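Structure record follows, encoded as structure tokens.
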Amino acid sequence: MNTIQQAIELAEKNETEKALALLRDHQKNADDDSLFQIAELYLQWGFLVESRTILEQLIEKYPEETSLKLTLSDIFIESEEDELAITILNEIPEEDEGYVQALIQLADLYQAQGLFEVSEQKLMEAKQIDPQESVIDFALGELFFSIGEYMKAINYYEHVYAKTKEVANVSIEDRLGEAYAAAGDYEKALTFYKEEEDPDPEKLFKYGITAHQADRDDIAIKAWEHALEIDQDYYAAYTQLANVYKEQGMLEEAYKIAQQGLERNSYQKELYFLAGEIAHQLGREAESEEHVREAIALEPDYKEAVLFLIELLKAREASDEIVDLIQSIKNTGAEDPLYDWELAKANVEIESFDDALNSYQEAYTNLQHDSDFLKEYGYFLTEEGRVQEAIPVLKAYLEQQPIDEDVQEHVERLEQDLL
């Protein structure tokens with residue numbers, strides 16, 4: 001057994017230090033072919049500096065050897081030295097047998113830099129040289145998918161699919177399913193997902209999403225249930241499954257799965273909020289409020305949850321709690337004119353009119369084009385005796401709602417009283 005093979009076997013036994021010591025000792029007297037093998041092993045094991053040192057020495061001796069340049073470019077890419085990789089790849093001449101591989105790597109680098117047209121040019125050039133190479137079609141599919149040109153991506157993925165079902169450990173069926181779904185053809189996308197044949201929870205999750213988008217909730221439910229059978233910690237499936245149960249009117253099932261998800265992960269604000277919504281629909285108001293408060297505790301400026309909780313508090317006439325809630329949220333730095341409006345209304349209910357005025361004034365800056373707000377604010381100002389301020393607010397309302405005769409008459413009376 002030669003030294004390199006011995007090192008490989010040591011590494012396979014997790015005796016990495018011994019393997020490295022053996023290689024380092026061997027490379028002192030190794031021939032050039034062995035040095036290249038050692039460099040490849042270093043690269044494979046993640047020792048980029050050691051691999052790079054050997055390759056650069058070999059390139060000095062063999063400047064025309066493409067395999068050395070391609071391997072060195074891999075190291076530059078791993079080290080995020082893209083410009084060095086591009087430089088060395090551009091040194092490979094068109095007549096070289098490694099030119100197509102260089103074009104593919106260049107395309108990938110340019111795509112990563114957002115130079116999509118240059119990336120496409122490189123891949124098209126490679127395809128002209130080797131039109132039957134599936135890797136090139138796959139790369140074109142990946143490029144077009146990444147920039148949202150899904151039908152073009154599908155065209156190239158289909159070319160690959162006709163020859164092979166997998167490239168670089170990537171399922172072409174999965175890619176076609178994702179591409180057709182992204183293009184809006186959900187029924188076609190479903191044909192590329194075979195739930196019963198693939199126990200992978202991520203694929204099952206995507207399968208369920210596509211089925212739901214195709215209005216096949218029966219398939220979606222089955223897929224997400226299966227995903228959770230395989231992996232109880234696949235948290236995204238709990239939210240999706242609870243949502244689709246809710247949409248189907250299966251509220252008890254929806255609530256149960258939401259609670260199961262929260263038992264597995266208590267940091268899912270969306271799932272807390274969803275559980276709160278479902279509990280509300282089931283008439284379990286105390287549980288609903290508890291869940292929504294948990295969602296807000298995780299993210300104080302969770303606007304949808306905040307406004308939902310405010311409605312729950314209004315239903316039990318807890319205006320003082322609304323004031324406390326909004327003030328605590330605003331203390332975290334959260335700002336929203338709807339918070340100010342709700343705070344104003346709550347302060348009116350508890351007869352804290354000065355605070356209500358301040359909140360109405362803060363909300364006015366951003367809500368002066370909301371007719372409902374203007375009407376409410378105008379009447380509040382009237383009741384507070386601030387008639388001169390109320391008139392322009394109500395007139396602004398009438399510009400948006402000119403057929404409201406009651407407000408029109410009210411403004412006329414206010415103006416008459418000022419005479």
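By order in the structure tokens, chains are A, B, ...; within a chain, residues start at 1; ligands start at 1, following the order shown.
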Problem set entry | Residues flagged alpha helix (DSSP H) by DSSP in region 208-351 of chain A, as a PyMOL selection string | chain A and resi 208-213+217-230+235-247+251-264+269-281+285-298+303-315+319-331+337-349
For this session: Please provide as a ChimeraX atom specification all residues within 12 Å of Asp185 (chain A), with the sequence filter that same-chain residues fewer than 3 positions apart are discarded (counting only C-alpha atoms).
Result: /A:150-151,154,176-182,188-192,210-211,213-215
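Closest approach to Ile8 (chain A) among A:Leu262, A:Ala356, A:Ile322, A:Ile38: A:Ile38, based on only C-alpha atoms.
CA of Ala258 (chain A) sits 10.7 Å away from CA of Glu277 (chain A).
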Exercise. If you measure from CA of Phe273 (chain A) to CA of Ile329 (chain A), what distance in Å do you get, rounded to one decimal?
Worked result: 16.6 Å
Contacts of region 302-359 of chain A with region 366-380 of chain A up to 10 Å, shortest pair per row, only C-alpha atoms, as JSON lines:
{"residue": "A:Asp336", "atom": "CA", "partner": "A:Asn366", "partner_atom": "CA", "distance": 8.9}
{"residue": "A:Pro337", "atom": "CA", "partner": "A:Asn366", "partner_atom": "CA", "distance": 6.2}
{"residue": "A:Leu338", "atom": "CA", "partner": "A:Leu367", "partner_atom": "CA", "distance": 8.4}
{"residue": "A:Trp341", "atom": "CA", "partner": "A:Phe373", "partner_atom": "CA", "distance": 7.9}
{"residue": "A:Ala344", "atom": "CA", "partner": "A:Tyr377", "partner_atom": "CA", "distance": 9.4}
{"residue": "A:Lys345", "atom": "CA", "partner": "A:Glu376", "partner_atom": "CA", "distance": 9.4}
{"residue": "A:Val348", "atom": "CA", "partner": "A:Phe380", "partner_atom": "CA", "distance": 8.9}
{"residue": "A:Phe353", "atom": "CA", "partner": "A:Phe380", "partner_atom": "CA", "distance": 9.3}
{"residue": "A:Ala356", "atom": "CA", "partner": "A:Phe380", "partner_atom": "CA", "distance": 9.2}
{"residue": "A:Leu357", "atom": "CA", "partner": "A:Phe380", "partner_atom": "CA", "distance": 8.3}
Name all residues at most 8 Å from region 86-97 of chain A (count only C-alpha atoms; drop same-chain ones fewer than 4 positions away) and give them as a compact mmCIF listing (two decimals) with N, CA and C atoms, in the first residue's frame.
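File around_26.txt, as written:
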# COMPACT_ATOMS: atom_id res chain seq x y z
N THR A 66 -4.02 22.42 -17.47
CA THR A 66 -5.35 22.94 -17.14
C THR A 66 -5.89 22.38 -15.83
N LYS A 69 -4.92 24.41 -12.91
CA LYS A 69 -5.60 25.71 -12.83
C LYS A 69 -7.05 25.55 -12.36
N LEU A 70 -7.70 24.51 -12.86
CA LEU A 70 -9.09 24.29 -12.45
C LEU A 70 -9.16 23.98 -10.95
N SER A 73 -8.47 27.11 -9.02
CA SER A 73 -9.63 28.01 -9.05
C SER A 73 -10.67 27.59 -8.01
N ASP A 82 -12.85 35.53 -5.52
CA ASP A 82 -13.46 35.33 -6.84
C ASP A 82 -12.64 35.94 -7.97
N ALA A 102 -14.03 25.46 -17.59
CA ALA A 102 -13.68 26.82 -17.17
C ALA A 102 -14.84 27.77 -17.40
N LEU A 103 -15.52 27.63 -18.54
CA LEU A 103 -16.67 28.49 -18.85
C LEU A 103 -17.79 28.28 -17.82
N GLN A 105 -17.49 27.24 -14.71
CA GLN A 105 -17.09 27.84 -13.43
C GLN A 105 -17.14 29.36 -13.48
N LEU A 106 -16.74 29.93 -14.61
CA LEU A 106 -16.83 31.38 -14.77
C LEU A 106 -18.28 31.86 -14.70
N LEU A 109 -19.39 31.99 -11.17
CA LEU A 109 -18.80 33.14 -10.47
C LEU A 109 -19.49 34.44 -10.86
Seminar exercise, completed: Separating CA of His212 (chain A) from CA of Tyr302 (chain A), to the nearest tenth of an Å, is a gap of 25.9 Å
Exercise. Pick from A:Ala275, A:Ala254, A:Leu418, A:Leu313: nearest to Val292 (chain A), with only C-alpha atoms counted?
Worked result: A:Ala275
For this session: Identify, on the basis of only C-alpha atoms, every residue whose closest approach to Glu202 (chain A) does not exceed 10 Å; exclude the query and any residue fewer than 4 positions from it along the same chain; express the result as an NGL selection string.
Result: :A and (198 or 206-208 or 224 or 227 or 231 or 234 or 236-237)
N, CA, C and O atoms of the current selection, written as a PDB file, in the first residue's frame:
ATOM      1  N   ASP A 198     -40.949   9.432  -1.561  1.00  0.00           N
ATOM      2  CA  ASP A 198     -39.830  10.193  -0.999  1.00  0.00           C
ATOM      3  C   ASP A 198     -40.103  10.542   0.452  1.00  0.00           C
ATOM      4  O   ASP A 198     -40.996  11.327   0.749  1.00  0.00           O
ATOM      5  N   LYS A 206     -42.495  20.995   0.510  1.00  0.00           N
ATOM      6  CA  LYS A 206     -42.674  21.692  -0.768  1.00  0.00           C
ATOM      7  C   LYS A 206     -43.844  21.109  -1.552  1.00  0.00           C
ATOM      8  O   LYS A 206     -44.595  21.832  -2.209  1.00  0.00           O
ATOM      9  N   TYR A 207     -43.971  19.802  -1.492  1.00  0.00           N
ATOM     10  CA  TYR A 207     -45.073  19.118  -2.159  1.00  0.00           C
ATOM     11  C   TYR A 207     -46.402  19.638  -1.621  1.00  0.00           C
ATOM     12  O   TYR A 207     -47.342  19.929  -2.382  1.00  0.00           O
ATOM     13  N   GLY A 208     -46.478  19.765  -0.294  1.00  0.00           N
ATOM     14  CA  GLY A 208     -47.697  20.281   0.306  1.00  0.00           C
ATOM     15  C   GLY A 208     -47.996  21.712  -0.098  1.00  0.00           C
ATOM     16  O   GLY A 208     -49.144  22.057  -0.372  1.00  0.00           O
ATOM     17  N   TRP A 224     -48.078  17.201   4.591  1.00  0.00           N
ATOM     18  CA  TRP A 224     -47.565  17.835   5.805  1.00  0.00           C
ATOM     19  C   TRP A 224     -47.668  16.903   7.011  1.00  0.00           C
ATOM     20  O   TRP A 224     -46.792  16.895   7.876  1.00  0.00           O
ATOM     21  N   ALA A 227     -44.798  14.599   6.651  1.00  0.00           N
ATOM     22  CA  ALA A 227     -43.546  15.287   6.995  1.00  0.00           C
ATOM     23  C   ALA A 227     -43.339  15.303   8.510  1.00  0.00           C
ATOM     24  O   ALA A 227     -42.230  15.079   9.004  1.00  0.00           O
ATOM     25  N   ASP A 231     -40.394  13.838  10.856  1.00  0.00           N
ATOM     26  CA  ASP A 231     -39.585  14.776  11.644  1.00  0.00           C
ATOM     27  C   ASP A 231     -40.513  15.709  12.425  1.00  0.00           C
ATOM     28  O   ASP A 231     -41.068  16.658  11.872  1.00  0.00           O
ATOM     29  N   TYR A 234     -39.892  19.548  12.268  1.00  0.00           N
ATOM     30  CA  TYR A 234     -39.976  20.322  11.020  1.00  0.00           C
ATOM     31  C   TYR A 234     -41.051  21.398  11.241  1.00  0.00           C
ATOM     32  O   TYR A 234     -42.210  21.266  10.862  1.00  0.00           O
ATOM     33  N   ALA A 236     -41.976  24.404  10.265  1.00  0.00           N
ATOM     34  CA  ALA A 236     -42.802  25.111   9.277  1.00  0.00           C
ATOM     35  C   ALA A 236     -44.056  24.330   8.930  1.00  0.00           C
ATOM     36  O   ALA A 236     -45.089  24.929   8.592  1.00  0.00           O
ATOM     37  N   ALA A 237     -44.000  23.007   9.023  1.00  0.00           N
ATOM     38  CA  ALA A 237     -45.155  22.190   8.651  1.00  0.00           C
ATOM     39  C   ALA A 237     -46.316  22.386   9.627  1.00  0.00           C
ATOM     40  O   ALA A 237     -47.487  22.266   9.242  1.00  0.00           O
TER      41      ALA A 237
END
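Considering the residues A:Ala126, A:Ala346, A:Tyr99, A:Gln408 and counting only C-alpha atoms, Lys314 (chain A) has its shortest atom-to-atom contact with A:Ala346.
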For this session: Find the residues near Tyr110 (chain A): any atom within 12 Å, counting only C-alpha atoms, skip ones fewer than 4 places away on the same chain, and give them as a PyMOL selection string.
Result: chain A and resi 77+82-83+85-86+103-106+114-123+143
Hey, can you spit out that residue selection with all heavy atoms as a short mmCIF file (atom, residue, chain, number, x, y, z; two decimals), in the first residue's frame?
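Done, and the output landed in again14.cif:
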data_model
loop_
_atom_site.label_atom_id
_atom_site.label_comp_id
_atom_site.auth_asym_id
_atom_site.auth_seq_id
_atom_site.Cartn_x
_atom_site.Cartn_y
_atom_site.Cartn_z
N ILE A 77 -12.23 29.95 -5.09
CA ILE A 77 -13.67 30.09 -4.88
C ILE A 77 -14.02 29.77 -3.43
O ILE A 77 -14.78 30.50 -2.78
CB ILE A 77 -14.46 29.18 -5.85
CG1 ILE A 77 -14.29 29.69 -7.29
CG2 ILE A 77 -15.94 29.13 -5.48
CD1 ILE A 77 -14.78 28.72 -8.35
N ASP A 82 -12.85 35.53 -5.52
CA ASP A 82 -13.46 35.33 -6.84
C ASP A 82 -12.64 35.94 -7.97
O ASP A 82 -12.55 35.36 -9.06
CB ASP A 82 -14.87 35.92 -6.85
CG ASP A 82 -15.83 35.11 -5.99
OD1 ASP A 82 -15.40 34.06 -5.46
OD2 ASP A 82 -17.00 35.51 -5.86
N GLU A 83 -12.05 37.10 -7.74
CA GLU A 83 -11.31 37.75 -8.82
C GLU A 83 -10.09 36.91 -9.23
O GLU A 83 -9.75 36.82 -10.42
CB GLU A 83 -10.88 39.15 -8.39
CG GLU A 83 -12.03 40.12 -8.23
CD GLU A 83 -12.93 40.21 -9.46
OE1 GLU A 83 -12.38 40.20 -10.58
OE2 GLU A 83 -14.15 40.25 -9.30
N ALA A 85 -9.93 33.67 -8.98
CA ALA A 85 -10.49 32.52 -9.70
C ALA A 85 -10.81 32.90 -11.13
O ALA A 85 -10.50 32.16 -12.08
CB ALA A 85 -11.75 32.02 -8.99
N ILE A 86 -11.44 34.07 -11.32
CA ILE A 86 -11.79 34.52 -12.67
C ILE A 86 -10.53 34.71 -13.51
O ILE A 86 -10.47 34.32 -14.68
CB ILE A 86 -12.60 35.83 -12.58
CG1 ILE A 86 -14.00 35.54 -12.03
CG2 ILE A 86 -12.70 36.51 -13.95
CD1 ILE A 86 -14.80 36.77 -11.68
N LEU A 103 -15.52 27.63 -18.54
CA LEU A 103 -16.67 28.49 -18.85
C LEU A 103 -17.79 28.28 -17.82
O LEU A 103 -18.42 29.26 -17.37
CB LEU A 103 -17.19 28.19 -20.26
CG LEU A 103 -16.33 28.67 -21.42
CD1 LEU A 103 -16.88 28.12 -22.74
CD2 LEU A 103 -16.29 30.20 -21.48
N ILE A 104 -18.03 27.03 -17.45
CA ILE A 104 -19.08 26.74 -16.47
C ILE A 104 -18.75 27.37 -15.12
O ILE A 104 -19.60 27.98 -14.47
CB ILE A 104 -19.29 25.21 -16.34
CG1 ILE A 104 -19.83 24.63 -17.65
CG2 ILE A 104 -20.24 24.90 -15.19
CD1 ILE A 104 -19.85 23.11 -17.69
N GLN A 105 -17.49 27.24 -14.71
CA GLN A 105 -17.09 27.84 -13.43
C GLN A 105 -17.14 29.36 -13.48
O GLN A 105 -17.56 30.02 -12.52
CB GLN A 105 -15.68 27.37 -13.05
CG GLN A 105 -15.63 25.93 -12.58
CD GLN A 105 -14.28 25.52 -12.04
OE1 GLN A 105 -13.70 24.54 -12.47
NE2 GLN A 105 -13.76 26.28 -11.08
N LEU A 106 -16.74 29.93 -14.61
CA LEU A 106 -16.83 31.38 -14.77
C LEU A 106 -18.28 31.86 -14.70
O LEU A 106 -18.58 32.88 -14.08
CB LEU A 106 -16.19 31.80 -16.10
CG LEU A 106 -14.67 31.86 -16.14
CD1 LEU A 106 -14.18 31.98 -17.58
CD2 LEU A 106 -14.15 33.03 -15.30
N GLY A 114 -23.88 38.74 -9.57
CA GLY A 114 -25.03 39.44 -10.13
C GLY A 114 -24.88 39.84 -11.58
O GLY A 114 -25.72 40.57 -12.12
N LEU A 115 -23.83 39.35 -12.24
CA LEU A 115 -23.60 39.65 -13.66
C LEU A 115 -24.26 38.56 -14.49
O LEU A 115 -23.61 37.71 -15.11
CB LEU A 115 -22.10 39.76 -13.95
CG LEU A 115 -21.36 40.83 -13.14
CD1 LEU A 115 -19.85 40.73 -13.34
CD2 LEU A 115 -21.86 42.22 -13.54
N PHE A 116 -25.60 38.60 -14.53
CA PHE A 116 -26.35 37.49 -15.11
C PHE A 116 -26.18 37.37 -16.62
O PHE A 116 -26.14 36.27 -17.17
CB PHE A 116 -27.83 37.63 -14.75
CG PHE A 116 -28.08 37.69 -13.26
CD1 PHE A 116 -28.64 38.82 -12.67
CD2 PHE A 116 -27.71 36.63 -12.44
CE1 PHE A 116 -28.84 38.87 -11.31
CE2 PHE A 116 -27.91 36.68 -11.08
CZ PHE A 116 -28.49 37.80 -10.50
N GLU A 117 -26.09 38.50 -17.30
CA GLU A 117 -25.91 38.45 -18.76
C GLU A 117 -24.56 37.84 -19.12
O GLU A 117 -24.48 37.04 -20.07
CB GLU A 117 -26.04 39.86 -19.36
CG GLU A 117 -27.46 40.42 -19.30
CD GLU A 117 -27.56 41.77 -20.00
OE1 GLU A 117 -26.57 42.19 -20.64
OE2 GLU A 117 -28.64 42.39 -19.90
N VAL A 118 -23.53 38.20 -18.38
CA VAL A 118 -22.20 37.64 -18.64
C VAL A 118 -22.22 36.14 -18.35
O VAL A 118 -21.66 35.33 -19.10
CB VAL A 118 -21.12 38.33 -17.78
CG1 VAL A 118 -19.75 37.75 -18.07
CG2 VAL A 118 -21.13 39.83 -18.03
N SER A 119 -22.89 35.76 -17.26
CA SER A 119 -23.01 34.35 -16.92
C SER A 119 -23.70 33.58 -18.04
O SER A 119 -23.24 32.50 -18.44
CB SER A 119 -23.80 34.21 -15.62
OG SER A 119 -23.97 32.85 -15.27
N GLU A 120 -24.79 34.14 -18.55
CA GLU A 120 -25.51 33.48 -19.65
C GLU A 120 -24.63 33.35 -20.89
O GLU A 120 -24.63 32.31 -21.56
CB GLU A 120 -26.78 34.28 -19.99
CG GLU A 120 -27.61 33.64 -21.09
CD GLU A 120 -28.83 34.46 -21.46
OE1 GLU A 120 -29.14 35.43 -20.74
OE2 GLU A 120 -29.47 34.14 -22.48
N GLN A 121 -23.89 34.39 -21.19
CA GLN A 121 -22.99 34.34 -22.35
C GLN A 121 -21.98 33.20 -22.23
O GLN A 121 -21.73 32.47 -23.20
CB GLN A 121 -22.25 35.67 -22.51
CG GLN A 121 -23.13 36.83 -22.97
CD GLN A 121 -22.43 38.17 -22.82
OE1 GLN A 121 -21.24 38.24 -22.50
NE2 GLN A 121 -23.18 39.25 -23.03
N LYS A 122 -21.40 33.04 -21.05
CA LYS A 122 -20.43 31.98 -20.84
C LYS A 122 -21.06 30.60 -21.02
O LYS A 122 -20.47 29.70 -21.65
CB LYS A 122 -19.81 32.09 -19.44
CG LYS A 122 -19.01 33.36 -19.21
CD LYS A 122 -17.79 33.44 -20.13
CE LYS A 122 -16.99 34.71 -19.89
NZ LYS A 122 -15.85 34.85 -20.84
N LEU A 123 -22.26 30.43 -20.49
CA LEU A 123 -22.93 29.13 -20.60
C LEU A 123 -23.37 28.85 -22.03
O LEU A 123 -23.30 27.70 -22.50
CB LEU A 123 -24.13 29.08 -19.66
CG LEU A 123 -23.79 29.03 -18.17
CD1 LEU A 123 -25.06 29.13 -17.32
CD2 LEU A 123 -23.04 27.74 -17.83
N LEU A 143 -29.54 29.25 -13.56
CA LEU A 143 -29.37 30.70 -13.79
C LEU A 143 -30.72 31.36 -14.02
O LEU A 143 -31.06 32.36 -13.37
CB LEU A 143 -28.45 30.94 -14.99
CG LEU A 143 -28.38 32.38 -15.49
CD1 LEU A 143 -27.78 33.30 -14.42
CD2 LEU A 143 -27.58 32.47 -16.78
#
Exercise. Where does DSSP see strand (DSSP E) in region 25-203 of chain A, if you list the residues as number ranges by chain?
Worked result: A: 166-167, 170-171
Those residues you just picked out, can you put them in a file as a CSV table (one decimal), in the first residue's frame with N, CA and C atoms?
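Final output, saved to selection03.csv:
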chain,number,residue,atom,x,y,z
A,166,GLU,N,-30.8,13.4,-12.0
A,166,GLU,CA,-30.1,14.0,-11.0
A,166,GLU,C,-28.8,14.6,-11.5
A,167,VAL,N,-28.4,15.8,-11.1
A,167,VAL,CA,-27.1,16.4,-11.4
A,167,VAL,C,-26.5,17.0,-10.2
A,170,VAL,N,-28.5,16.9,-7.1
A,170,VAL,CA,-29.7,17.7,-7.1
A,170,VAL,C,-30.8,17.0,-7.9
A,171,SER,N,-32.0,16.8,-7.4
A,171,SER,CA,-33.1,16.1,-8.1
A,171,SER,C,-33.6,17.1,-9.1
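Checking A:Glu65, A:Glu384, A:Asn2, A:Ile326 one by one against Asp354 (chain A), counting only C-alpha atoms, you find the shortest gap at A:Glu384.
Residues within 12 Å of Lys330 (chain A), counting only C-alpha atoms and excluding same-chain residues fewer than 3 positions away, are A:Pro300, A:Asp301, A:Tyr302, A:Lys303, A:Val306, A:Val323, A:Asp324, A:Leu325, A:Ile326, A:Gln327, A:Gly333, A:Ala334, A:Glu335, A:Asp336, A:Pro337, A:Leu338, A:Tyr339, A:Asp340, A:Leu343, A:Ser359.
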Please produce a file of those selected residues containing N, CA and C atoms, as a PDB file, in the first residue's frame.
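Final output, saved to selection_26.pdb:
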ATOM      1  N   PRO A 300     -42.639  42.619  19.931  1.00  0.00           N
ATOM      2  CA  PRO A 300     -43.579  43.663  20.361  1.00  0.00           C
ATOM      3  C   PRO A 300     -44.258  44.409  19.210  1.00  0.00           C
ATOM      4  N   ASP A 301     -43.557  44.579  18.098  1.00  0.00           N
ATOM      5  CA  ASP A 301     -44.146  45.309  16.975  1.00  0.00           C
ATOM      6  C   ASP A 301     -44.745  44.351  15.936  1.00  0.00           C
ATOM      7  N   TYR A 302     -45.355  43.268  16.426  1.00  0.00           N
ATOM      8  CA  TYR A 302     -46.052  42.320  15.553  1.00  0.00           C
ATOM      9  C   TYR A 302     -47.440  42.908  15.308  1.00  0.00           C
ATOM     10  N   LYS A 303     -47.523  43.771  14.313  1.00  0.00           N
ATOM     11  CA  LYS A 303     -48.685  44.634  14.130  1.00  0.00           C
ATOM     12  C   LYS A 303     -49.992  43.863  14.031  1.00  0.00           C
ATOM     13  N   VAL A 306     -50.933  42.635  17.412  1.00  0.00           N
ATOM     14  CA  VAL A 306     -51.292  43.753  18.295  1.00  0.00           C
ATOM     15  C   VAL A 306     -52.717  44.218  18.030  1.00  0.00           C
ATOM     16  N   VAL A 323     -54.637  50.734  26.668  1.00  0.00           N
ATOM     17  CA  VAL A 323     -53.684  51.829  26.891  1.00  0.00           C
ATOM     18  C   VAL A 323     -52.342  51.268  27.343  1.00  0.00           C
ATOM     19  N   ASP A 324     -52.374  50.354  28.310  1.00  0.00           N
ATOM     20  CA  ASP A 324     -51.125  49.757  28.821  1.00  0.00           C
ATOM     21  C   ASP A 324     -50.392  49.008  27.718  1.00  0.00           C
ATOM     22  N   LEU A 325     -51.145  48.260  26.918  1.00  0.00           N
ATOM     23  CA  LEU A 325     -50.546  47.472  25.830  1.00  0.00           C
ATOM     24  C   LEU A 325     -49.828  48.375  24.840  1.00  0.00           C
ATOM     25  N   ILE A 326     -50.525  49.386  24.347  1.00  0.00           N
ATOM     26  CA  ILE A 326     -49.936  50.234  23.304  1.00  0.00           C
ATOM     27  C   ILE A 326     -48.773  51.050  23.843  1.00  0.00           C
ATOM     28  N   GLN A 327     -48.910  51.540  25.066  1.00  0.00           N
ATOM     29  CA  GLN A 327     -47.797  52.302  25.637  1.00  0.00           C
ATOM     30  C   GLN A 327     -46.552  51.427  25.803  1.00  0.00           C
ATOM     31  N   GLY A 333     -39.971  51.298  21.026  1.00  0.00           N
ATOM     32  CA  GLY A 333     -39.535  52.004  19.822  1.00  0.00           C
ATOM     33  C   GLY A 333     -40.437  51.780  18.632  1.00  0.00           C
ATOM     34  N   ALA A 334     -41.461  50.954  18.803  1.00  0.00           N
ATOM     35  CA  ALA A 334     -42.389  50.685  17.691  1.00  0.00           C
ATOM     36  C   ALA A 334     -43.264  51.902  17.441  1.00  0.00           C
ATOM     37  N   GLU A 335     -43.436  52.230  16.170  1.00  0.00           N
ATOM     38  CA  GLU A 335     -44.255  53.372  15.793  1.00  0.00           C
ATOM     39  C   GLU A 335     -45.202  52.973  14.676  1.00  0.00           C
ATOM     40  N   ASP A 336     -46.468  53.304  14.844  1.00  0.00           N
ATOM     41  CA  ASP A 336     -47.451  53.069  13.788  1.00  0.00           C
ATOM     42  C   ASP A 336     -48.637  53.983  14.059  1.00  0.00           C
ATOM     43  N   PRO A 337     -49.127  54.696  13.049  1.00  0.00           N
ATOM     44  CA  PRO A 337     -50.251  55.607  13.291  1.00  0.00           C
ATOM     45  C   PRO A 337     -51.509  54.890  13.792  1.00  0.00           C
ATOM     46  N   LEU A 338     -51.661  53.620  13.430  1.00  0.00           N
ATOM     47  CA  LEU A 338     -52.833  52.888  13.922  1.00  0.00           C
ATOM     48  C   LEU A 338     -52.749  52.661  15.422  1.00  0.00           C
ATOM     49  N   TYR A 339     -51.526  52.499  15.927  1.00  0.00           N
ATOM     50  CA  TYR A 339     -51.370  52.389  17.379  1.00  0.00           C
ATOM     51  C   TYR A 339     -51.838  53.682  18.047  1.00  0.00           C
ATOM     52  N   ASP A 340     -51.422  54.803  17.471  1.00  0.00           N
ATOM     53  CA  ASP A 340     -51.819  56.102  18.053  1.00  0.00           C
ATOM     54  C   ASP A 340     -53.330  56.283  17.994  1.00  0.00           C
ATOM     55  N   LEU A 343     -54.870  54.091  20.581  1.00  0.00           N
ATOM     56  CA  LEU A 343     -54.578  54.656  21.896  1.00  0.00           C
ATOM     57  C   LEU A 343     -55.493  55.847  22.174  1.00  0.00           C
ATOM     58  N   SER A 359     -52.692  61.726  21.255  1.00  0.00           N
ATOM     59  CA  SER A 359     -52.608  60.560  20.371  1.00  0.00           C
ATOM     60  C   SER A 359     -53.255  60.844  19.021  1.00  0.00           C
TER      61      SER A 359
END
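Taking only C-alpha atoms into account, His26 (chain A) lies nearest to A:Ile4 out of the set A:Ile4, A:Tyr364, A:Val49, A:Ala279.
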Problem set entry | region 217-221 of chain A surroundings by only C-alpha atoms, 12 Å radius, close-in-sequence under 5 positions cut, as JSON, numbers by chain | {"A": [187, 190, 193, 194, 195, 196, 203, 204, 205, 206, 207, 208, 209, 210, 211, 212, 226, 227, 228, 237, 238, 239, 240, 241, 242, 243, 244, 245, 246, 247, 248, 250, 253, 254, 257]}
